[in-house]
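Everything below concerns the one structure shown next.
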Amino acid sequence: MKINQLMLFGIFFIGISSIEAQEKTSLTLGEAVKMAWEKSNEVTLANTKVNTKKYELKTVKDNQYPDIKVSGQYQRLTKASISMPNQGENASLASPDRAMLGMANLSLPLFAGFKIQNSIDAYDNLYEAENANAAKTKEDVALRVITYYTALYKAQKTLDVLIENQKSAKQRVTDFTELEKNGIIPRNDLLKSQLLVSKTQLSIDEATNNLNNINFYLTTLLKLDPNTKLQVNEDDFFNLKTSNAPTSDVVALENRKDLEAIRLQQKASESNIKVAKAAYYPTLALLGGYTALDLKDIITVKYAMNFGLGLSYDLSGIYKNSAHVKVAESKALEVKNTEAVMTDRIKVEVQKSIEDYDLAINQSVVYDEALQQASENYRLVKDKFDNGLSDTNDLVEADVEQLSAKINTAVSKATIIQKYYELLSVSGQLSQSFNLSKI
């Protein structure tokens, strides 16, 4: 049925709806994004990963400092027999009943094939890469908030239109009931007007269910009480600036945090190759120590200090280490290819977002014109119906078309804002738009 198709198109065009008016909590988009960044599990996890990388970096940096080890022993001896053969048959010493030994050793790496410094460089880049990943996570969370927030506005606006249309539809039923009683219109016309009221009510009921889900998703993301009913203030929403939208992928290739993370990982992989090659070189360390010994009544040693250089060279590593170097080089190549793949994907994402944003603007203009046309069409059909020149089918169809046009017009302006922020997201500029980059 044509009327039924138009009704479905108008009501389910946005795929969401709203609930009837009740006390709600007003929240601006900027406040919602800030709240998500402060409370969401995804951002908390991302920040934890950053801290982990920071501690790993500190651990690697500590390798450039000297190792100092101190050890000591205290032992009780039982009837120890000590002889000195070279001093004659009768030479002997007293039997000590205790022994004490203390040692302190120091080792300072002087050269390790540049392994320590390259390890620090690698972990420093990995730490910065994790920071970039955390920033990308925040942008993803912000975009989810924007998607839910926009859907919430569309739902509320759609319900307002449906409720308003329901009022006029019910008034039409009241008018038709009197006309049918007076024999002016057939009962079939009355039934058609009642059917439209029933269909609209079903749409409102289903819309209520959809909006409850959207509201729950958003409150869960923002760590609010699930029973909180959020309200989007239309003035705040449409005061959001949508100027200076990116027009190419140049900005994205400079600002995308996930691409930045890959580039930093590439630097880390290059440092790891140098770390693997460090096994081809010998290691040199500065050594130092102190020893104290006390064997009661036998010998006492104090101030026994030593220092020197220690050299170590694993000759078998010259052959064995080649496999480790090839692994490191292969991993570096993997990261390089990943960067190339991501670069192409970002270009596609940006181009699609630009097209979607332009389409949303063009559609909004068309929907504004369609609303004017549908409103004028309904007025003319209503005049004809009142003068007996049009039937109920024409009136109901014109009403449904006007309803569909009102819904499309209401949501199209919100779609422009949503597509604008999606474009900022794929261009790596979403965080800056809310001035929340320090959160």
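Within each chain, counting starts at residue 1; across the structure tokens, chains are named A, B, ... in the order shown, with ligands numbered 1 upward in that order.
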
| Excluding same-chain residues fewer than 2 positions from Val325 (chain A), what lies within 9 Å of it counting only C-alpha atoms, as a VMD selection string? | chain A and resid 272 to 277 321 to 323 327 to 330

Saved selection, atoms kept: N, CA, C and O atoms, as a tab-separated table (two decimals), in the first residue's frame:
```
chain	number	residue	atom	x	y	z
A	272	ASN	N	65.68	-1.65	16.89
A	272	ASN	CA	65.78	-3.05	17.28
A	272	ASN	C	66.74	-3.82	16.36
A	272	ASN	O	67.36	-4.80	16.79
A	273	ILE	N	66.80	-3.41	15.12
A	273	ILE	CA	67.79	-4.04	14.21
A	273	ILE	C	69.20	-3.77	14.72
A	273	ILE	O	70.05	-4.68	14.76
A	274	LYS	N	69.46	-2.55	15.15
A	274	LYS	CA	70.78	-2.21	15.69
A	274	LYS	C	71.05	-2.96	16.99
A	274	LYS	O	72.20	-3.35	17.26
A	275	VAL	N	69.99	-3.16	17.78
A	275	VAL	CA	70.15	-3.93	19.02
A	275	VAL	C	70.56	-5.36	18.69
A	275	VAL	O	71.44	-5.94	19.34
A	276	ALA	N	69.91	-5.94	17.68
A	276	ALA	CA	70.24	-7.31	17.29
A	276	ALA	C	71.68	-7.41	16.77
A	276	ALA	O	72.39	-8.39	17.05
A	277	LYS	N	72.11	-6.40	16.04
A	277	LYS	CA	73.48	-6.41	15.50
A	277	LYS	C	74.53	-6.18	16.57
A	277	LYS	O	75.72	-6.42	16.33
A	321	ASN	N	73.85	-15.16	15.56
A	321	ASN	CA	73.06	-13.93	15.66
A	321	ASN	C	72.45	-13.48	14.34
A	321	ASN	O	71.56	-12.63	14.32
A	322	SER	N	72.92	-14.03	13.23
A	322	SER	CA	72.39	-13.58	11.93
A	322	SER	C	70.89	-13.81	11.82
A	322	SER	O	70.17	-13.01	11.22
A	323	ALA	N	70.40	-14.89	12.44
A	323	ALA	CA	68.96	-15.17	12.40
A	323	ALA	C	68.18	-14.10	13.18
A	323	ALA	O	67.10	-13.67	12.75
A	327	VAL	N	65.27	-11.58	11.71
A	327	VAL	CA	63.94	-11.44	12.34
A	327	VAL	C	63.62	-9.97	12.57
A	327	VAL	O	62.52	-9.49	12.27
A	328	ALA	N	64.59	-9.23	13.12
A	328	ALA	CA	64.38	-7.80	13.38
A	328	ALA	C	64.14	-7.03	12.09
A	328	ALA	O	63.28	-6.15	12.03
A	329	GLU	N	64.89	-7.37	11.04
A	329	GLU	CA	64.70	-6.69	9.75
A	329	GLU	C	63.34	-7.02	9.15
A	329	GLU	O	62.69	-6.15	8.55
A	330	SER	N	62.90	-8.27	9.30
A	330	SER	CA	61.60	-8.66	8.77
A	330	SER	C	60.46	-7.94	9.50
A	330	SER	O	59.49	-7.49	8.88
```

| query | Running DSSP on the backbone, which parts of region 74-257 of chain A land in alpha helix (DSSP H), as a PyMOL selection string? | reply | chain A and resi 115-181+187-221+234-238+250-255+257

| Which residue gives the smallest distance to Ser390 (chain A) among A:Val43, A:Ala135, A:Ile68, A:Ile185, with only C-alpha atoms counted? | A:Ile185

I'd like the neighbourhood of region 137-149 of chain A as a PDB file with N, CA and C atoms, in the first residue's frame, where a residue qualifies if any of its atoms comes within 10 Å (using only C-alpha atoms), though same-chain residues fewer than 3 positions away should be ignored.
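Output file around06.pdb follows:
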```pdb
ATOM      1  N   LEU A  27      22.604  17.877  28.578  1.00  0.00           N
ATOM      2  CA  LEU A  27      24.048  17.668  28.480  1.00  0.00           C
ATOM      3  C   LEU A  27      24.507  18.142  27.105  1.00  0.00           C
ATOM      4  N   THR A  28      25.476  19.057  27.087  1.00  0.00           N
ATOM      5  CA  THR A  28      26.010  19.514  25.802  1.00  0.00           C
ATOM      6  C   THR A  28      26.945  18.452  25.238  1.00  0.00           C
ATOM      7  N   LEU A  29      27.231  18.562  23.960  1.00  0.00           N
ATOM      8  CA  LEU A  29      28.107  17.590  23.318  1.00  0.00           C
ATOM      9  C   LEU A  29      29.523  17.657  23.894  1.00  0.00           C
ATOM     10  N   GLY A  30      30.025  18.866  24.116  1.00  0.00           N
ATOM     11  CA  GLY A  30      31.357  19.015  24.692  1.00  0.00           C
ATOM     12  C   GLY A  30      31.450  18.397  26.080  1.00  0.00           C
ATOM     13  N   ALA A  32      29.613  15.941  27.192  1.00  0.00           N
ATOM     14  CA  ALA A  32      29.526  14.487  27.038  1.00  0.00           C
ATOM     15  C   ALA A  32      30.875  13.900  26.633  1.00  0.00           C
ATOM     16  N   VAL A  33      31.557  14.562  25.706  1.00  0.00           N
ATOM     17  CA  VAL A  33      32.872  14.074  25.267  1.00  0.00           C
ATOM     18  C   VAL A  33      33.869  14.125  26.417  1.00  0.00           C
ATOM     19  N   LYS A  34      33.885  15.215  27.149  1.00  0.00           N
ATOM     20  CA  LYS A  34      34.804  15.351  28.286  1.00  0.00           C
ATOM     21  C   LYS A  34      34.530  14.274  29.324  1.00  0.00           C
ATOM     22  N   MET A  35      33.264  14.015  29.602  1.00  0.00           N
ATOM     23  CA  MET A  35      32.896  13.007  30.585  1.00  0.00           C
ATOM     24  C   MET A  35      33.356  11.618  30.145  1.00  0.00           C
ATOM     25  N   ALA A  36      33.210  11.337  28.852  1.00  0.00           N
ATOM     26  CA  ALA A  36      33.632  10.028  28.331  1.00  0.00           C
ATOM     27  C   ALA A  36      35.142   9.869  28.436  1.00  0.00           C
ATOM     28  N   TRP A  37      35.875  10.926  28.145  1.00  0.00           N
ATOM     29  CA  TRP A  37      37.342  10.864  28.215  1.00  0.00           C
ATOM     30  C   TRP A  37      37.817  10.661  29.654  1.00  0.00           C
ATOM     31  N   GLU A  38      37.060  11.171  30.595  1.00  0.00           N
ATOM     32  CA  GLU A  38      37.473  11.059  31.995  1.00  0.00           C
ATOM     33  C   GLU A  38      37.063   9.731  32.621  1.00  0.00           C
ATOM     34  N   SER A  40      35.471   6.706  30.701  1.00  0.00           N
ATOM     35  CA  SER A  40      35.249   5.488  29.928  1.00  0.00           C
ATOM     36  C   SER A  40      36.343   4.453  30.171  1.00  0.00           C
ATOM     37  N   ASN A  41      35.966   3.179  30.105  1.00  0.00           N
ATOM     38  CA  ASN A  41      36.916   2.091  30.324  1.00  0.00           C
ATOM     39  C   ASN A  41      37.995   2.067  29.245  1.00  0.00           C
ATOM     40  N   GLU A  42      37.630   2.397  28.008  1.00  0.00           N
ATOM     41  CA  GLU A  42      38.591   2.366  26.908  1.00  0.00           C
ATOM     42  C   GLU A  42      39.725   3.366  27.134  1.00  0.00           C
ATOM     43  N   VAL A  43      39.373   4.580  27.573  1.00  0.00           N
ATOM     44  CA  VAL A  43      40.398   5.600  27.813  1.00  0.00           C
ATOM     45  C   VAL A  43      41.256   5.216  29.017  1.00  0.00           C
ATOM     46  N   THR A  44      40.631   4.673  30.049  1.00  0.00           N
ATOM     47  CA  THR A  44      41.383   4.225  31.224  1.00  0.00           C
ATOM     48  C   THR A  44      42.396   3.150  30.840  1.00  0.00           C
ATOM     49  N   LEU A  45      41.964   2.194  30.021  1.00  0.00           N
ATOM     50  CA  LEU A  45      42.867   1.137  29.563  1.00  0.00           C
ATOM     51  C   LEU A  45      44.002   1.711  28.730  1.00  0.00           C
ATOM     52  N   ALA A  46      43.683   2.655  27.843  1.00  0.00           N
ATOM     53  CA  ALA A  46      44.717   3.269  26.999  1.00  0.00           C
ATOM     54  C   ALA A  46      45.749   3.997  27.847  1.00  0.00           C
ATOM     55  N   ASN A  47      45.301   4.721  28.870  1.00  0.00           N
ATOM     56  CA  ASN A  47      46.238   5.426  29.749  1.00  0.00           C
ATOM     57  C   ASN A  47      47.104   4.458  30.550  1.00  0.00           C
ATOM     58  N   ASN A 131      51.493   6.571  23.351  1.00  0.00           N
ATOM     59  CA  ASN A 131      50.802   7.847  23.576  1.00  0.00           C
ATOM     60  C   ASN A 131      49.906   8.199  22.393  1.00  0.00           C
ATOM     61  N   ALA A 132      50.422   7.966  21.189  1.00  0.00           N
ATOM     62  CA  ALA A 132      49.626   8.238  19.984  1.00  0.00           C
ATOM     63  C   ALA A 132      48.421   7.310  19.921  1.00  0.00           C
ATOM     64  N   ASN A 133      48.612   6.047  20.278  1.00  0.00           N
ATOM     65  CA  ASN A 133      47.485   5.107  20.292  1.00  0.00           C
ATOM     66  C   ASN A 133      46.427   5.528  21.302  1.00  0.00           C
ATOM     67  N   ALA A 134      46.879   6.032  22.446  1.00  0.00           N
ATOM     68  CA  ALA A 134      45.932   6.505  23.460  1.00  0.00           C
ATOM     69  C   ALA A 134      45.134   7.702  22.948  1.00  0.00           C
ATOM     70  N   LEU A 152      20.493  10.575  19.570  1.00  0.00           N
ATOM     71  CA  LEU A 152      19.545  10.967  20.603  1.00  0.00           C
ATOM     72  C   LEU A 152      18.740  12.186  20.162  1.00  0.00           C
ATOM     73  N   TYR A 153      19.431  13.165  19.565  1.00  0.00           N
ATOM     74  CA  TYR A 153      18.713  14.346  19.082  1.00  0.00           C
ATOM     75  C   TYR A 153      17.726  13.968  17.984  1.00  0.00           C
ATOM     76  N   LYS A 154      18.178  13.164  17.029  1.00  0.00           N
ATOM     77  CA  LYS A 154      17.288  12.748  15.942  1.00  0.00           C
ATOM     78  C   LYS A 154      16.057  12.033  16.489  1.00  0.00           C
ATOM     79  N   ALA A 155      16.291  11.203  17.483  1.00  0.00           N
ATOM     80  CA  ALA A 155      15.188  10.452  18.075  1.00  0.00           C
ATOM     81  C   ALA A 155      14.185  11.380  18.746  1.00  0.00           C
ATOM     82  N   ILE A 214      19.278   3.618  22.928  1.00  0.00           N
ATOM     83  CA  ILE A 214      20.282   4.655  22.657  1.00  0.00           C
ATOM     84  C   ILE A 214      20.666   5.377  23.939  1.00  0.00           C
ATOM     85  N   ASN A 215      19.677   5.711  24.749  1.00  0.00           N
ATOM     86  CA  ASN A 215      19.933   6.398  26.009  1.00  0.00           C
ATOM     87  C   ASN A 215      20.795   5.536  26.937  1.00  0.00           C
ATOM     88  N   PHE A 216      20.512   4.235  26.948  1.00  0.00           N
ATOM     89  CA  PHE A 216      21.285   3.316  27.793  1.00  0.00           C
ATOM     90  C   PHE A 216      22.729   3.220  27.306  1.00  0.00           C
ATOM     91  N   TYR A 217      22.921   3.130  25.984  1.00  0.00           N
ATOM     92  CA  TYR A 217      24.279   3.065  25.440  1.00  0.00           C
ATOM     93  C   TYR A 217      25.087   4.285  25.857  1.00  0.00           C
ATOM     94  N   LEU A 218      24.484   5.466  25.745  1.00  0.00           N
ATOM     95  CA  LEU A 218      25.201   6.702  26.041  1.00  0.00           C
ATOM     96  C   LEU A 218      25.479   6.844  27.535  1.00  0.00           C
ATOM     97  N   THR A 219      24.504   6.537  28.369  1.00  0.00           N
ATOM     98  CA  THR A 219      24.721   6.636  29.816  1.00  0.00           C
ATOM     99  C   THR A 219      25.766   5.629  30.287  1.00  0.00           C
ATOM    100  N   LEU A 221      28.312   4.535  28.464  1.00  0.00           N
ATOM    101  CA  LEU A 221      29.595   5.059  28.016  1.00  0.00           C
ATOM    102  C   LEU A 221      30.078   6.189  28.920  1.00  0.00           C
ATOM    103  N   LEU A 222      29.145   7.003  29.406  1.00  0.00           N
ATOM    104  CA  LEU A 222      29.495   8.151  30.243  1.00  0.00           C
ATOM    105  C   LEU A 222      29.515   7.813  31.730  1.00  0.00           C
ATOM    106  N   LEU A 230      18.642  11.471  29.200  1.00  0.00           N
ATOM    107  CA  LEU A 230      19.403  12.603  28.677  1.00  0.00           C
ATOM    108  C   LEU A 230      18.572  13.417  27.704  1.00  0.00           C
ATOM    109  N   GLN A 231      18.808  14.709  27.712  1.00  0.00           N
ATOM    110  CA  GLN A 231      18.082  15.631  26.841  1.00  0.00           C
ATOM    111  C   GLN A 231      19.080  16.459  26.044  1.00  0.00           C
ATOM    112  N   VAL A 232      18.908  16.498  24.741  1.00  0.00           N
ATOM    113  CA  VAL A 232      19.757  17.315  23.873  1.00  0.00           C
ATOM    114  C   VAL A 232      19.073  18.658  23.665  1.00  0.00           C
ATOM    115  N   PHE A 237      23.027  22.345  20.459  1.00  0.00           N
ATOM    116  CA  PHE A 237      23.446  21.409  19.419  1.00  0.00           C
ATOM    117  C   PHE A 237      23.750  22.134  18.117  1.00  0.00           C
ATOM    118  N   LYS A 257      46.577   9.985  14.483  1.00  0.00           N
ATOM    119  CA  LYS A 257      47.378   9.428  15.568  1.00  0.00           C
ATOM    120  C   LYS A 257      47.731   7.962  15.335  1.00  0.00           C
ATOM    121  N   ASP A 258      46.852   7.195  14.692  1.00  0.00           N
ATOM    122  CA  ASP A 258      47.193   5.801  14.436  1.00  0.00           C
ATOM    123  C   ASP A 258      48.323   5.690  13.417  1.00  0.00           C
ATOM    124  N   ALA A 414      20.941  17.612  11.690  1.00  0.00           N
ATOM    125  CA  ALA A 414      21.781  16.904  12.653  1.00  0.00           C
ATOM    126  C   ALA A 414      22.786  16.013  11.936  1.00  0.00           C
ATOM    127  N   THR A 415      22.379  15.463  10.796  1.00  0.00           N
ATOM    128  CA  THR A 415      23.288  14.615  10.018  1.00  0.00           C
ATOM    129  C   THR A 415      24.482  15.408   9.519  1.00  0.00           C
ATOM    130  N   ILE A 417      25.967  17.864  11.073  1.00  0.00           N
ATOM    131  CA  ILE A 417      26.888  17.971  12.209  1.00  0.00           C
ATOM    132  C   ILE A 417      27.614  16.653  12.431  1.00  0.00           C
ATOM    133  N   GLN A 418      26.882  15.548  12.370  1.00  0.00           N
ATOM    134  CA  GLN A 418      27.496  14.228  12.565  1.00  0.00           C
ATOM    135  C   GLN A 418      28.559  13.953  11.504  1.00  0.00           C
ATOM    136  N   LYS A 419      28.228  14.205  10.236  1.00  0.00           N
ATOM    137  CA  LYS A 419      29.190  13.951   9.158  1.00  0.00           C
ATOM    138  C   LYS A 419      30.390  14.893   9.239  1.00  0.00           C
ATOM    139  N   TYR A 421      31.784  15.989  12.050  1.00  0.00           N
ATOM    140  CA  TYR A 421      32.688  15.456  13.071  1.00  0.00           C
ATOM    141  C   TYR A 421      33.311  14.130  12.637  1.00  0.00           C
ATOM    142  N   GLU A 422      32.609  13.355  11.851  1.00  0.00           N
ATOM    143  CA  GLU A 422      33.211  12.148  11.288  1.00  0.00           C
ATOM    144  C   GLU A 422      34.373  12.513  10.362  1.00  0.00           C
ATOM    145  N   LEU A 424      36.198  15.253  10.656  1.00  0.00           N
ATOM    146  CA  LEU A 424      37.286  15.667  11.536  1.00  0.00           C
ATOM    147  C   LEU A 424      37.996  14.455  12.133  1.00  0.00           C
ATOM    148  N   SER A 425      37.231  13.426  12.448  1.00  0.00           N
ATOM    149  CA  SER A 425      37.813  12.223  13.053  1.00  0.00           C
ATOM    150  C   SER A 425      38.777  11.532  12.097  1.00  0.00           C
ATOM    151  N   VAL A 426      38.366  11.311  10.864  1.00  0.00           N
ATOM    152  CA  VAL A 426      39.246  10.632   9.909  1.00  0.00           C
ATOM    153  C   VAL A 426      40.416  11.519   9.504  1.00  0.00           C
ATOM    154  N   GLY A 428      41.983  13.365  11.825  1.00  0.00           N
ATOM    155  CA  GLY A 428      42.813  13.494  13.009  1.00  0.00           C
ATOM    156  C   GLY A 428      42.673  14.817  13.720  1.00  0.00           C
ATOM    157  N   GLN A 429      41.531  15.493  13.566  1.00  0.00           N
ATOM    158  CA  GLN A 429      41.352  16.820  14.164  1.00  0.00           C
ATOM    159  C   GLN A 429      40.192  16.879  15.154  1.00  0.00           C
ATOM    160  N   LEU A 430      39.659  15.733  15.522  1.00  0.00           N
ATOM    161  CA  LEU A 430      38.476  15.724  16.376  1.00  0.00           C
ATOM    162  C   LEU A 430      38.777  16.242  17.774  1.00  0.00           C
ATOM    163  N   SER A 431      39.886  15.822  18.353  1.00  0.00           N
ATOM    164  CA  SER A 431      40.221  16.241  19.723  1.00  0.00           C
ATOM    165  C   SER A 431      40.400  17.756  19.811  1.00  0.00           C
ATOM    166  N   GLN A 432      41.080  18.328  18.821  1.00  0.00           N
ATOM    167  CA  GLN A 432      41.324  19.767  18.846  1.00  0.00           C
ATOM    168  C   GLN A 432      40.033  20.563  18.765  1.00  0.00           C
ATOM    169  N   PHE A 434      37.351  20.128  20.279  1.00  0.00           N
ATOM    170  CA  PHE A 434      36.717  20.295  21.590  1.00  0.00           C
ATOM    171  C   PHE A 434      37.667  20.913  22.621  1.00  0.00           C
ATOM    172  N   LEU A 436      40.126  19.594  24.137  1.00  0.00           N
ATOM    173  CA  LEU A 436      40.249  18.675  25.272  1.00  0.00           C
ATOM    174  C   LEU A 436      41.488  17.815  25.154  1.00  0.00           C
ATOM    175  N   SER A 437      42.460  18.250  24.387  1.00  0.00           N
ATOM    176  CA  SER A 437      43.623  17.410  24.097  1.00  0.00           C
ATOM    177  C   SER A 437      44.454  17.096  25.334  1.00  0.00           C
ATOM    178  N   ILE A 439      43.225  16.238  28.291  1.00  0.00           N
ATOM    179  CA  ILE A 439      42.520  15.326  29.199  1.00  0.00           C
ATOM    180  C   ILE A 439      43.146  13.955  29.126  1.00  0.00           C
TER     181      ILE A 439
END
```
